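Source file: work06.txt; contents: compact mmCIF, C-alpha atoms.
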# COMPACT_ATOMS: atom_id res chain seq x y z
CA MET A 533 1.15 -55.68 -91.02
CA PRO A 534 4.78 -56.15 -92.20
CA THR A 535 5.17 -59.88 -92.85
CA LEU A 536 8.14 -61.95 -94.00
CA ARG A 537 9.32 -65.53 -93.80
CA GLU A 538 12.32 -67.10 -92.09
CA TYR A 539 15.71 -66.15 -93.50
CA GLU A 540 14.08 -63.42 -95.59
CA GLN A 541 15.20 -59.79 -95.81
CA ARG A 542 12.66 -57.13 -96.71
CA VAL A 543 12.29 -53.36 -96.67
CA PHE A 544 8.89 -52.01 -95.65
CA PRO A 545 8.00 -48.43 -96.67
CA GLY A 546 5.90 -45.95 -94.73
CA ILE A 547 7.00 -46.99 -91.21
CA ARG A 548 8.53 -44.52 -88.76
CA LEU A 549 9.59 -45.90 -85.39
CA THR A 550 8.69 -43.99 -82.27
CA ASP A 551 11.28 -43.01 -79.67
CA ALA A 552 9.85 -45.74 -77.42
CA ASP A 553 10.35 -48.30 -80.20
CA ARG A 554 13.98 -47.25 -80.62
CA ARG A 555 14.64 -47.56 -76.90
CA LEU A 556 13.12 -51.03 -76.85
CA LEU A 557 15.16 -52.21 -79.82
CA GLU A 558 18.38 -50.78 -78.41
CA ASP A 559 18.28 -52.94 -75.27
CA GLY A 560 19.56 -55.94 -77.28
CA ALA A 561 16.69 -58.31 -76.48
CA LEU A 562 16.21 -59.14 -80.15
CA GLU A 563 19.89 -59.74 -80.86
CA GLY A 564 20.29 -62.96 -82.84
CA ARG A 565 16.54 -63.30 -83.29
CA LEU A 566 15.47 -60.50 -85.61
CA ARG A 567 17.36 -57.54 -87.05
CA VAL A 568 15.45 -54.27 -87.42
CA ARG A 569 17.05 -51.17 -88.93
CA GLU A 570 15.64 -47.78 -89.85
CA LEU A 571 16.38 -46.46 -93.33
CA THR A 572 15.89 -43.02 -94.77
CA GLY A 573 12.48 -42.11 -96.14
CA ASP A 574 10.47 -43.79 -93.38
CA ARG A 575 11.55 -47.26 -94.42
CA LEU A 576 12.22 -50.22 -92.16
CA GLU A 577 14.64 -53.02 -93.02
CA VAL A 578 13.89 -56.34 -91.35
CA VAL A 579 16.14 -59.39 -91.57
CA ALA A 580 14.70 -62.65 -90.26
CA GLY A 581 16.61 -65.72 -89.11
CA PRO A 582 15.34 -69.11 -87.90
CA TYR A 583 12.80 -67.55 -85.50
CA VAL A 584 9.07 -67.35 -86.15
CA GLY A 585 6.48 -65.28 -84.32
CA VAL A 586 5.59 -61.66 -83.80
CA VAL A 587 7.16 -58.47 -82.43
CA ARG A 588 4.84 -55.63 -81.45
CA LEU A 589 6.10 -52.08 -81.76
CA ASP A 590 4.17 -48.84 -81.48
CA ALA A 591 4.75 -48.14 -85.18
CA CYS A 592 3.84 -51.60 -86.47
CA GLU A 593 3.60 -55.30 -85.75
CA LEU A 594 6.32 -57.43 -87.35
CA ARG A 595 5.33 -60.98 -88.17
CA VAL A 596 7.73 -63.77 -89.20
CA LEU A 597 6.14 -66.85 -90.77
CA PRO A 598 7.69 -70.33 -91.05
CA LYS A 599 9.37 -71.16 -94.35
CA PHE A 600 8.86 -74.92 -94.43
CA LEU A 601 5.33 -74.99 -92.99
CA GLY A 602 1.91 -73.93 -94.15
CA GLY A 603 1.36 -71.45 -91.33
CA ASP A 604 1.45 -70.71 -87.62
CA LEU A 605 -0.92 -73.55 -86.73
CA ASP A 606 1.65 -76.03 -88.06
CA VAL A 607 4.19 -74.61 -85.59
CA LEU A 608 1.76 -75.45 -82.80
CA ARG A 609 1.37 -78.97 -84.20
CA MET A 610 5.15 -79.39 -84.16
CA LEU A 611 5.31 -78.15 -80.58
CA ASP A 612 2.53 -80.50 -79.52
CA TYR A 613 4.27 -83.52 -81.04
CA ALA A 614 7.70 -82.57 -79.71
CA TRP A 615 6.20 -82.31 -76.21
CA GLY A 616 4.70 -85.78 -76.42
CA GLY A 617 1.28 -85.09 -77.95
CA SER A 618 -0.20 -86.53 -81.13
CA GLY A 619 0.69 -83.61 -83.41
CA ALA A 620 -2.86 -83.68 -84.78
CA VAL A 621 -4.76 -80.46 -85.49
CA LEU A 622 -5.24 -78.77 -82.15
CA PRO A 623 -8.75 -77.79 -81.01
CA ILE A 624 -9.49 -74.25 -82.13
CA GLY A 625 -13.23 -74.26 -81.68
CA GLN A 626 -14.25 -70.75 -82.67
CA ALA A 627 -14.28 -68.29 -85.55
CA PHE A 628 -12.09 -65.18 -85.59
CA SER A 629 -12.92 -61.73 -86.82
CA GLY A 630 -10.22 -60.02 -88.83
CA GLY A 631 -8.61 -63.24 -90.10
CA ALA A 632 -6.56 -65.95 -88.44
CA PRO A 633 -4.75 -64.93 -85.24
CA ASN A 634 -0.97 -64.71 -85.16
CA LEU A 635 1.25 -67.32 -83.52
CA ARG A 636 1.28 -65.60 -80.15
CA ASP A 637 -2.51 -65.40 -80.06
CA LEU A 638 -2.74 -69.08 -81.01
CA VAL A 639 -0.50 -69.94 -78.05
CA ALA A 640 -2.63 -67.66 -75.85
CA LEU A 641 -5.67 -69.59 -77.05
CA MET A 642 -4.01 -72.90 -76.13
CA VAL A 643 -3.24 -71.50 -72.67
CA THR A 644 -6.89 -70.49 -72.34
CA GLU A 645 -8.26 -73.83 -73.53
CA HIS A 646 -6.10 -75.77 -71.08
CA ALA A 647 -7.06 -73.40 -68.26
CA GLU A 648 -10.74 -73.92 -69.09
CA ARG A 649 -10.20 -77.69 -69.10
CA LEU A 650 -8.61 -77.59 -65.65
CA LEU A 651 -11.43 -75.41 -64.33
CA ARG A 652 -14.05 -77.81 -65.69
CA HIS A 653 -12.44 -80.81 -64.01
CA GLY A 654 -11.51 -78.96 -60.82
CA VAL A 655 -8.13 -77.46 -59.95
CA ARG A 656 -5.96 -79.41 -57.56
CA SER A 657 -5.05 -78.34 -54.05
CA ASP A 658 -2.22 -79.32 -51.73
CA TYR A 659 -1.06 -78.74 -48.20
CA LEU A 660 0.78 -75.44 -47.66
CA THR A 661 2.55 -74.34 -44.50
CA HIS A 662 1.18 -71.10 -43.01
CA GLU A 663 2.18 -68.97 -40.05
CA ASP A 664 -0.37 -66.78 -38.28
CA ASP A 665 -1.23 -65.30 -34.91
CA LEU A 666 -4.35 -67.07 -33.59
CA PRO A 667 -6.40 -67.00 -30.37
CA VAL A 668 -5.96 -70.77 -29.94
CA VAL A 669 -3.19 -73.15 -30.88
CA ARG A 670 -3.42 -74.63 -34.35
CA GLY A 671 -0.70 -76.93 -35.57
CA ARG A 672 2.26 -76.07 -33.41
CA LEU A 673 3.39 -73.06 -31.43
CA VAL A 674 6.35 -71.12 -32.85
CA ALA A 675 8.18 -70.47 -29.61
CA ASP A 676 10.74 -67.90 -30.76
CA ARG A 677 8.14 -65.85 -32.65
CA GLN A 678 5.77 -66.01 -29.67
CA LEU A 679 8.50 -64.82 -27.35
CA LEU A 680 9.54 -61.91 -29.57
CA ARG A 681 6.10 -60.70 -30.64
CA HIS A 682 3.64 -61.74 -27.93
CA HIS A 683 5.68 -62.24 -24.76
CA GLY A 684 3.40 -62.84 -21.80
CA ARG A 685 0.19 -62.89 -23.89
CA LEU A 686 -2.16 -65.84 -24.05
CA ASP A 687 -4.76 -64.36 -26.41
CA ARG A 688 -2.38 -64.18 -29.42
CA LEU A 689 -0.46 -67.35 -30.20
CA ALA A 690 2.10 -67.62 -33.01
CA CYS A 691 1.22 -70.84 -34.82
CA ARG A 692 2.58 -72.79 -37.78
CA PHE A 693 0.11 -75.11 -39.47
CA ASP A 694 -0.63 -76.90 -42.73
CA GLU A 695 -3.73 -76.02 -44.70
CA HIS A 696 -5.21 -77.49 -47.86
CA ASP A 697 -5.02 -74.70 -50.43
CA THR A 698 -5.33 -74.15 -54.18
CA ASP A 699 -2.81 -71.29 -54.22
CA ILE A 700 0.03 -73.61 -55.24
CA ALA A 701 2.68 -73.40 -57.97
CA ASP A 702 0.72 -75.68 -60.33
CA ASN A 703 -2.17 -73.21 -60.37
CA ARG A 704 -0.14 -70.01 -60.12
CA LEU A 705 1.66 -70.72 -63.39
CA CYS A 706 -1.65 -71.29 -65.18
CA ALA A 707 -3.29 -68.27 -63.53
CA HIS A 708 -0.52 -65.87 -64.54
CA ALA A 709 -0.33 -67.27 -68.08
CA VAL A 710 -4.06 -66.94 -68.75
CA GLU A 711 -3.98 -63.45 -67.21
CA ARG A 712 -1.16 -62.57 -69.64
CA ALA A 713 -3.27 -63.94 -72.49
CA ALA A 714 -6.26 -61.86 -71.40
CA ARG A 715 -4.17 -58.71 -71.18
CA THR A 716 -2.10 -58.97 -74.34
CA ALA A 717 -3.94 -61.03 -76.99
CA ARG A 718 -4.78 -59.02 -80.11
CA SER A 719 -7.68 -61.18 -81.21
CA PRO A 720 -10.91 -59.98 -79.50
CA GLU A 721 -12.24 -63.54 -79.34
CA VAL A 722 -9.09 -64.90 -77.67
CA ARG A 723 -8.96 -61.96 -75.28
CA SER A 724 -12.61 -62.41 -74.29
CA ARG A 725 -12.24 -66.12 -73.54
CA ALA A 726 -8.99 -65.55 -71.66
CA ARG A 727 -10.55 -62.85 -69.47
CA ARG A 728 -13.30 -65.18 -68.32
CA ALA A 729 -10.84 -67.96 -67.52
CA ALA A 730 -8.40 -65.56 -65.85
CA ALA A 731 -11.08 -64.17 -63.56
CA ARG A 732 -11.93 -67.66 -62.32
CA PHE A 733 -8.34 -68.83 -61.98
CA ALA A 734 -7.35 -65.71 -60.03
CA GLY A 735 -9.73 -66.79 -57.29
CA TYR A 736 -7.88 -70.09 -56.90
CA ALA A 737 -4.29 -68.83 -57.19
CA PRO A 738 -3.91 -65.12 -56.32
CA GLY A 739 -0.30 -65.50 -55.18
CA PRO A 740 2.72 -64.04 -57.02
CA LEU A 741 4.42 -66.00 -59.78
CA GLY A 742 7.97 -65.29 -58.67
CA ASP A 743 10.92 -66.16 -60.90
CA LEU A 744 9.75 -68.18 -63.90
CA ARG A 745 13.01 -70.10 -64.28
CA THR A 746 12.97 -71.16 -60.63
CA MET A 747 9.33 -72.22 -60.77
CA VAL A 748 9.71 -74.23 -63.99
CA SER A 749 12.83 -76.03 -62.78
CA GLY A 750 11.10 -76.91 -59.51
CA PHE A 751 8.17 -78.81 -61.01
CA VAL A 752 8.04 -82.54 -60.30
CA TYR A 753 5.20 -84.36 -62.04
CA HIS A 754 3.45 -87.28 -60.39
CA ARG A 755 0.08 -88.98 -60.37
CA GLN A 756 -1.73 -86.00 -58.87
CA ASN A 757 -0.47 -83.30 -61.22
CA GLU A 758 0.57 -85.11 -64.41
CA HIS A 759 -2.56 -83.76 -66.14
CA TYR A 760 -1.17 -80.24 -65.60
CA ARG A 761 1.90 -80.89 -67.78
CA PRO A 762 0.42 -79.72 -71.15
CA ALA A 763 -1.10 -76.63 -69.52
CA HIS A 764 2.28 -75.80 -67.98
CA GLN A 765 4.09 -76.25 -71.29
CA TRP A 766 1.83 -73.76 -73.10
CA ALA A 767 1.89 -71.41 -70.10
CA ARG A 768 5.67 -71.42 -69.96
CA LEU A 769 5.87 -70.80 -73.70
CA LEU A 770 3.62 -67.74 -73.47
CA LEU A 771 5.24 -66.29 -70.35
CA SER A 772 8.77 -66.78 -71.68
CA GLY A 773 8.11 -65.01 -74.97
CA GLY A 774 8.46 -68.18 -77.04
CA GLY A 775 11.54 -69.65 -75.37
CA ILE A 776 11.58 -73.44 -75.54
CA GLN A 777 14.79 -74.30 -73.74
CA ASP A 778 16.17 -70.92 -72.76
CA LEU A 779 13.72 -68.32 -71.48
CA PHE A 780 13.47 -65.10 -73.43
CA THR A 781 15.60 -62.19 -72.34
CA ALA A 782 14.02 -60.23 -69.50
CA GLY A 783 13.18 -56.60 -70.10
CA PRO A 784 10.51 -54.33 -71.58
CA LEU A 785 10.62 -56.03 -74.98
CA ALA A 786 9.97 -59.49 -73.54
CA SER A 787 6.24 -58.78 -73.22
CA ARG A 788 6.08 -57.47 -76.82
CA ALA A 789 8.12 -60.14 -78.58
CA PHE A 790 7.08 -63.73 -79.09
CA LEU A 791 9.68 -65.61 -81.14
CA ILE A 792 10.16 -69.37 -81.29
CA ASP A 793 13.58 -70.76 -82.21
CA MET A 794 12.93 -73.23 -85.03
CA ASN A 795 16.41 -74.73 -84.52
CA GLN A 796 15.39 -76.04 -81.12
CA LEU A 797 11.89 -76.99 -82.20
CA PHE A 798 13.09 -78.87 -85.30
CA GLU A 799 15.66 -80.81 -83.25
CA ALA A 800 13.08 -81.77 -80.62
CA PHE A 801 10.57 -82.71 -83.33
CA VAL A 802 13.00 -84.90 -85.29
CA THR A 803 14.30 -86.50 -82.08
CA ARG A 804 10.85 -87.72 -81.16
CA LEU A 805 10.20 -88.93 -84.71
CA LEU A 806 13.39 -90.98 -84.60
CA ARG A 807 12.58 -92.34 -81.15
CA GLU A 808 9.18 -93.51 -82.36
CA GLY A 809 10.67 -94.99 -85.52
CA CYS A 810 13.45 -96.75 -83.61
CA ALA A 811 10.98 -98.20 -81.11
CA ALA A 812 8.97 -99.69 -83.98
CA ALA A 813 12.17 -101.29 -85.34
CA GLY A 814 13.29 -102.60 -81.95
CA MET A 815 16.14 -100.12 -81.68
CA ARG A 816 16.98 -97.16 -79.46
CA ALA A 817 17.53 -93.45 -80.11
CA GLU A 818 19.41 -91.42 -77.50
CA ALA A 819 19.31 -87.63 -77.59
CA GLN A 820 22.39 -85.57 -76.68
CA SER A 821 24.23 -88.57 -75.24
CA ARG A 822 27.61 -87.59 -73.83
CA GLN A 823 30.53 -89.43 -75.42
CA ARG A 824 33.58 -88.84 -73.25
CA ARG A 825 36.02 -91.33 -74.81
CA VAL A 826 36.25 -89.73 -78.24
CA PHE A 827 38.94 -87.22 -77.28
CA VAL A 828 41.50 -88.71 -74.89
CA ASP A 829 44.58 -87.17 -73.29
CA GLU A 830 47.30 -89.67 -74.29
CA ASP A 831 49.56 -88.60 -71.42
CA THR A 832 47.03 -89.30 -68.67
CA GLY A 833 44.50 -91.55 -70.41
CA ALA A 834 41.72 -89.31 -69.12
CA PRO A 835 38.92 -87.88 -71.29
CA TYR A 836 40.11 -84.65 -72.90
CA SER A 837 36.69 -83.40 -73.99
CA GLU A 838 33.30 -84.79 -74.96
CA VAL A 839 31.11 -84.84 -78.03
CA ARG A 840 27.31 -84.91 -77.98
CA PRO A 841 25.59 -86.01 -81.18
CA ASP A 842 22.01 -84.81 -81.52
CA VAL A 843 20.76 -88.40 -81.80
CA LEU A 844 22.59 -91.72 -81.54
CA ILE A 845 20.71 -94.71 -82.97
CA SER A 846 21.83 -98.09 -81.67
CA GLY A 847 20.70 -101.69 -81.58
CA THR A 848 20.99 -104.84 -83.64
CA ARG A 849 20.36 -104.90 -87.35
CA GLY A 850 20.69 -107.96 -89.54
CA GLY A 851 22.12 -109.90 -86.62
CA THR A 852 25.02 -107.47 -86.07
CA SER A 853 25.58 -104.52 -83.76
CA PHE A 854 24.44 -101.25 -85.32
CA ARG A 855 25.16 -97.68 -84.28
CA LEU A 856 24.55 -94.52 -86.32
CA PRO A 857 25.07 -90.90 -85.22
CA VAL A 858 22.55 -88.35 -86.51
CA ASP A 859 23.15 -84.61 -86.75
CA VAL A 860 20.04 -82.40 -86.93
CA LYS A 861 20.40 -79.04 -88.69
CA TYR A 862 17.64 -76.52 -89.33
CA LYS A 863 19.32 -75.09 -92.42
CA LEU A 864 18.35 -74.50 -96.04
CA TYR A 865 20.31 -77.47 -97.35
CA ASP A 866 17.72 -78.22 -100.01
CA GLN A 867 18.87 -74.96 -101.66
CA ARG A 868 22.64 -74.92 -101.04
CA LYS A 869 25.61 -77.15 -100.34
CA LEU A 870 26.37 -78.59 -96.93
CA SER A 871 28.67 -76.26 -95.03
CA THR A 872 32.24 -77.40 -94.46
CA GLN A 873 31.89 -76.86 -90.72
CA ASP A 874 28.85 -79.15 -90.54
CA LEU A 875 30.67 -81.75 -92.64
CA TYR A 876 33.66 -81.69 -90.26
CA GLN A 877 31.36 -82.34 -87.33
CA ALA A 878 29.42 -85.07 -89.12
CA PHE A 879 32.59 -86.86 -90.27
CA LEU A 880 33.93 -86.81 -86.70
CA TYR A 881 30.71 -88.45 -85.50
CA ALA A 882 30.94 -90.98 -88.35
CA HIS A 883 34.53 -92.02 -87.56
CA ALA A 884 34.20 -92.03 -83.78
CA LEU A 885 30.65 -93.22 -83.05
CA SER A 886 29.29 -95.41 -85.83
CA ALA A 887 29.49 -99.21 -85.68
CA GLY A 888 30.35 -100.86 -88.97
CA PRO A 889 30.99 -98.56 -91.95
CA ALA A 890 31.79 -95.00 -90.83
CA ARG A 891 28.54 -93.16 -91.52
CA CYS A 892 26.53 -90.21 -90.25
CA SER A 893 23.13 -88.94 -91.31
CA LEU A 894 22.47 -85.21 -91.38
CA VAL A 895 18.74 -84.44 -91.12
CA HIS A 896 17.46 -81.08 -92.38
CA PRO A 897 14.13 -79.61 -93.56
CA GLY A 898 13.36 -79.80 -97.25
CA ASP A 899 10.54 -79.46 -99.73
CA ALA A 900 8.66 -82.41 -101.16
CA GLY A 901 10.71 -84.17 -103.83
CA SER A 902 14.06 -82.76 -102.74
CA SER A 903 16.94 -85.20 -102.47
CA GLY A 904 19.76 -84.97 -99.97
CA ALA A 905 23.44 -84.88 -100.83
CA THR A 906 25.87 -87.70 -100.08
CA VAL A 907 29.46 -86.67 -99.32
CA SER A 908 32.38 -89.02 -98.70
CA VAL A 909 35.89 -88.67 -97.29
CA ARG A 910 38.62 -90.32 -99.35
CA GLY A 911 42.28 -90.74 -98.57
CA ALA A 912 45.23 -90.03 -100.84
CA ASP A 913 44.88 -93.52 -102.34
CA GLY A 914 41.23 -92.83 -103.20
CA ALA A 915 39.85 -95.25 -100.61
CA MET A 916 36.62 -94.07 -98.98
CA SER A 917 36.82 -93.81 -95.17
CA ALA A 918 33.47 -92.25 -94.21
CA VAL A 919 30.16 -91.10 -95.66
CA VAL A 920 27.77 -88.33 -94.63
CA ARG A 921 24.29 -88.54 -96.08
CA ALA A 922 21.87 -85.61 -95.93
CA VAL A 923 18.24 -86.59 -95.32
CA PRO A 924 15.60 -83.90 -96.07
CA VAL A 925 12.37 -83.89 -94.03
CA ASP A 926 9.20 -82.56 -95.64
CA LEU A 927 7.61 -81.09 -92.52
CA ARG A 928 4.20 -80.49 -94.09
CA ALA A 929 3.94 -84.09 -95.26
CA VAL A 930 5.10 -85.43 -91.89
CA LEU A 931 2.55 -83.31 -89.98
CA ASP A 932 -0.23 -84.40 -92.34
CA GLY A 933 0.83 -88.00 -91.80
CA LEU A 934 0.77 -87.65 -88.02
CA ALA A 935 -2.80 -86.35 -88.25
CA GLY A 936 -3.84 -89.10 -90.69
CA PRO A 937 -5.20 -92.62 -90.11
CA GLU A 938 -1.68 -94.10 -89.66
CA PRO A 939 0.24 -91.68 -87.41
CA THR A 940 3.07 -94.19 -86.85
CA ALA A 941 3.90 -94.32 -90.57
CA ALA A 942 5.78 -90.99 -90.60
CA PRO A 943 8.29 -91.91 -87.84
CA VAL A 944 8.88 -95.34 -89.42
CA ARG A 945 9.44 -93.76 -92.83
CA LEU A 946 11.93 -91.20 -91.47
CA PHE A 947 13.77 -93.91 -89.56
CA GLY A 948 14.12 -95.93 -92.77
CA GLU A 949 15.44 -92.92 -94.68
CA VAL A 950 17.95 -92.05 -91.94
CA VAL A 951 19.45 -95.53 -91.48
CA GLY A 952 19.38 -96.19 -95.28
Would you encode the structure as structure tokens?
Amino acid sequence: MPTLREYEQRVFPGIRLTDADRRLLEDGALEGRLRVRELTGDRLEVVAGPYVGVVRLDACELRVLPKFLGGDLDVLRMLDYAWGGSGAVLPIGQAFSGGAPNLRDLVALMVTEHAERLLRHGVRSDYLTHEDDLPVVRGRLVADRQLLRHHGRLDRLACRFDEHDTDIADNRLCAHAVERAARTARSPEVRSRARRAAARFAGYAPGPLGDLRTMVSGFVYHRQNEHYRPAHQWARLLLSGGGIQDLFTAGPLASRAFLIDMNQLFEAFVTRLLREGCAAAGMRAEAQSRQRRVFVDEDTGAPYSEVRPDVLISGTRGGTSFRLPVDVKYKLYDQRKLSTQDLYQAFLYAHALSAGPARCSLVHPGDAGSSGATVSVRGADGAMSAVVRAVPVDLRAVLDGLAGPEPTAAPVRLFGEVVG
């Protein structure tokens, strides 16, 4: 199996794409996620970016592993924590033949485990509105339908009524996800478990899934379905091909590619860490807060544009008002200098949004022991006007800490490093 890590470029010999593979790759679904190019002599050049996962072709299966993590299971731990879970080792209660499953199969296993959990505790039902032609009135008579279809008949009555049913959106999403897991998982053990769960779930929710975007955006969680939230998160991840915020491009390749954007995942992961750390310090962390008074049209006094820092930490520190913008970048800044473009953005945040000294922290992944850069802006007279400090995050150490006896220590430690 051709395997490489994020941001790596490799050439794999002895691989000849089929015509079907070429057609799939030409539809542009992988653009910006993974670059695949045929070379002479049955060689395949693959260039990975910040996406991890697997792409299945007829000729081979391409697998992209995370650079800053131990393996695919750590990606699941990051997802779990970013979604509000504990980030501890997820329950994988079985052995696998042929080695550890890939990231997609691990997600399929999580879909299956949550489906099994719902089946054990009983799937929920709700009232659905039905229309049917009945011999007696049930609910209410649909006058216009009765007139058009059964005019003058008393033995067939067009009725509209509510019925308690399990074929609801909550269950349909789970049913279609576990069916996808049963049909596409490579691991025989995952496929076997998923088939059993899919067969049972199909009996409760045989209805069509419809448009995934529409269904996901329509969910409202409340007391009766809050326990479905984790199952829905894993189901959406599998059905969308790894999309976290934006769903994967529709098309034939969508069912063969499962690629998670580590930019989005890292930002969501760090945001929750900072929220937990701020809460412990009595402060607040806002994600993507819109700041409309940074750019102002001087002629009209109206906002000209807005800026949205990834995280804005605010509160009281040492008896004075404190505010610190934080920019989150999933870039290899432990190996190279901060880009000028990122520095421009960070210095704007520092000047416009910080309270007290103009500062901004730039959080990025890094290996254990790496130290972040500190860059200042100085005027012509040499006076310093703003400082940007890079803060590396050792993801492996943080995940181990979240699974340890003191899970709150990691967010508190990161908060301390960010605010300085």
Determine, for each residue of stretch 795-846 of chain A having at least one atom at most 8 Å from an atom of stretch 927-944 of chain A, the closest pair of atoms and their separation in Å to one decimal, counting only C-alpha atoms; order by chain and ascending number, as JSON lines.
{"residue": "A:Leu805", "atom": "CA", "partner": "A:Pro943", "partner_atom": "CA", "distance": 4.7}
{"residue": "A:Leu806", "atom": "CA", "partner": "A:Pro943", "partner_atom": "CA", "distance": 6.1}
{"residue": "A:Arg807", "atom": "CA", "partner": "A:Pro943", "partner_atom": "CA", "distance": 8.0}
{"residue": "A:Glu808", "atom": "CA", "partner": "A:Pro943", "partner_atom": "CA", "distance": 5.8}
{"residue": "A:Gly809", "atom": "CA", "partner": "A:Val944", "partner_atom": "CA", "distance": 4.3}
{"residue": "A:Cys810", "atom": "CA", "partner": "A:Val944", "partner_atom": "CA", "distance": 7.5}
{"residue": "A:Ala812", "atom": "CA", "partner": "A:Val944", "partner_atom": "CA", "distance": 7.0}
{"residue": "A:Ala813", "atom": "CA", "partner": "A:Val944", "partner_atom": "CA", "distance": 7.9}
Please, could you write that set of residues out with C-alpha atoms as a short mmCIF file (atom, residue, chain, number, x, y, z; two decimals), keeping the file's coordinate frame?
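Saved the output as result_3.cif:
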data_model
loop_
_atom_site.label_atom_id
_atom_site.label_comp_id
_atom_site.auth_asym_id
_atom_site.auth_seq_id
_atom_site.Cartn_x
_atom_site.Cartn_y
_atom_site.Cartn_z
CA LEU A 805 10.20 -88.93 -84.71
CA LEU A 806 13.39 -90.98 -84.60
CA ARG A 807 12.58 -92.34 -81.15
CA GLU A 808 9.18 -93.51 -82.36
CA GLY A 809 10.67 -94.99 -85.52
CA CYS A 810 13.45 -96.75 -83.61
CA ALA A 812 8.97 -99.69 -83.98
CA ALA A 813 12.17 -101.29 -85.34
#
### Query
What is the distance between atom CA of A:Ala734 and atom CA of A:Val586, in Å to one decimal?
27.4 Å
### Query
Skipping near chain neighbours, those fewer than 6 positions away, what residues fall within 10 Å of A:Arg542 using all atoms listed in the file, listed as a list in words?
Pro534, Thr535, Leu536, Leu576, Glu577, Val578, Val579 and Ala580 of chain A
For the selection just defined, write its residues with C-alpha atoms to a file, as a PDB file, in the frame of the given file.
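Done, and the output landed in out19.pdb:
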ATOM      1  CA  PRO A 534       4.780 -56.150 -92.200  1.00  0.00           C
ATOM      2  CA  THR A 535       5.170 -59.880 -92.850  1.00  0.00           C
ATOM      3  CA  LEU A 536       8.140 -61.950 -94.000  1.00  0.00           C
ATOM      4  CA  LEU A 576      12.220 -50.220 -92.160  1.00  0.00           C
ATOM      5  CA  GLU A 577      14.640 -53.020 -93.020  1.00  0.00           C
ATOM      6  CA  VAL A 578      13.890 -56.340 -91.350  1.00  0.00           C
ATOM      7  CA  VAL A 579      16.140 -59.390 -91.570  1.00  0.00           C
ATOM      8  CA  ALA A 580      14.700 -62.650 -90.260  1.00  0.00           C
TER       9      ALA A 580
END
Contacts between stretch 886-908 of chain A and stretch 792-882 of chain A, please, where a residue of stretch 792-882 of chain A counts if it comes within 8 Å (with all atoms listed in the file); show its shortest atom pair and distance in Å to one decimal, rows by chain and ascending number, as a Markdown table.
| residue | atom | partner | partner_atom | distance |
| --- | --- | --- | --- | --- |
| A:Ser853 | CA | A:Ala887 | CA | 6.9 |
| A:Phe854 | CA | A:Ala887 | CA | 5.5 |
| A:Arg855 | CA | A:Ala887 | CA | 4.8 |
| A:Leu856 | CA | A:Ser886 | CA | 4.8 |
| A:Pro857 | CA | A:Cys892 | CA | 5.3 |
| A:Val858 | CA | A:Ser893 | CA | 4.9 |
| A:Asp859 | CA | A:Leu894 | CA | 4.7 |
| A:Val860 | CA | A:Val895 | CA | 4.8 |
| A:Lys861 | CA | A:His896 | CA | 5.1 |
| A:Tyr862 | CA | A:His896 | CA | 5.5 |
| A:Lys863 | CA | A:His896 | CA | 6.3 |
| A:Leu864 | CA | A:Pro897 | CA | 7.1 |
| A:Tyr865 | CA | A:His896 | CA | 6.8 |
| A:Asp866 | CA | A:Gly898 | CA | 5.4 |
| A:Leu870 | CA | A:Ala905 | CA | 8.0 |
| A:Ala878 | CA | A:Cys892 | CA | 6.0 |
| A:Phe879 | CA | A:Cys892 | CA | 6.9 |
| A:Tyr881 | CA | A:Cys892 | CA | 6.6 |
| A:Ala882 | CA | A:Arg891 | CA | 4.5 |
### Task
For each of A:Asp553, A:Val923, A:Leu770, A:Leu791, take the minimum atom-to-atom distance to A:Gly581, counting only C-alpha atoms, then give the residue where this is smallest.
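Looking only at the distances to A:Gly581, the closest residue turns out to be A:Leu791.
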### Task
Name all residues at most 9 Å from A:Arg788 (count all atoms listed in the file; drop same-chain ones fewer than 5 positions away) and give them as a list in words.
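Counting all atoms listed in the file, the residues come to Val586, Val587, Arg588, Leu589, Thr716 and Gly773 of chain A.
Among A:Asp702, A:Asp694, A:Asp612, A:Glu949, the residue with the shortest atom-to-atom distance to A:Tyr753, counting all atoms listed in the file, is A:Asp702.
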### Query
So which residues touch A:Glu711 within 10 Å, counting only C-alpha atoms, skipping near sequence neighbours fewer than 2 positions away, as a PyMOL selection string?
chain A and resi 640+643-644+705-709+713-716+723+726-731+733-734
What does the file look like for those residues with C-alpha atoms, as a compact mmCIF listing (two decimals), keeping the file's coordinate frame?
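The new file result.txt reads:
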# COMPACT_ATOMS: atom_id res chain seq x y z
CA ALA A 640 -2.63 -67.66 -75.85
CA VAL A 643 -3.24 -71.50 -72.67
CA THR A 644 -6.89 -70.49 -72.34
CA LEU A 705 1.66 -70.72 -63.39
CA CYS A 706 -1.65 -71.29 -65.18
CA ALA A 707 -3.29 -68.27 -63.53
CA HIS A 708 -0.52 -65.87 -64.54
CA ALA A 709 -0.33 -67.27 -68.08
CA ALA A 713 -3.27 -63.94 -72.49
CA ALA A 714 -6.26 -61.86 -71.40
CA ARG A 715 -4.17 -58.71 -71.18
CA THR A 716 -2.10 -58.97 -74.34
CA ARG A 723 -8.96 -61.96 -75.28
CA ALA A 726 -8.99 -65.55 -71.66
CA ARG A 727 -10.55 -62.85 -69.47
CA ARG A 728 -13.30 -65.18 -68.32
CA ALA A 729 -10.84 -67.96 -67.52
CA ALA A 730 -8.40 -65.56 -65.85
CA ALA A 731 -11.08 -64.17 -63.56
CA PHE A 733 -8.34 -68.83 -61.98
CA ALA A 734 -7.35 -65.71 -60.03
### Radius query 9 Å about (-1.7, -71.3, -31.9), atoms used: all atoms listed in the file, as a PyMOL selection string
chain A and resi 664-674+688-693
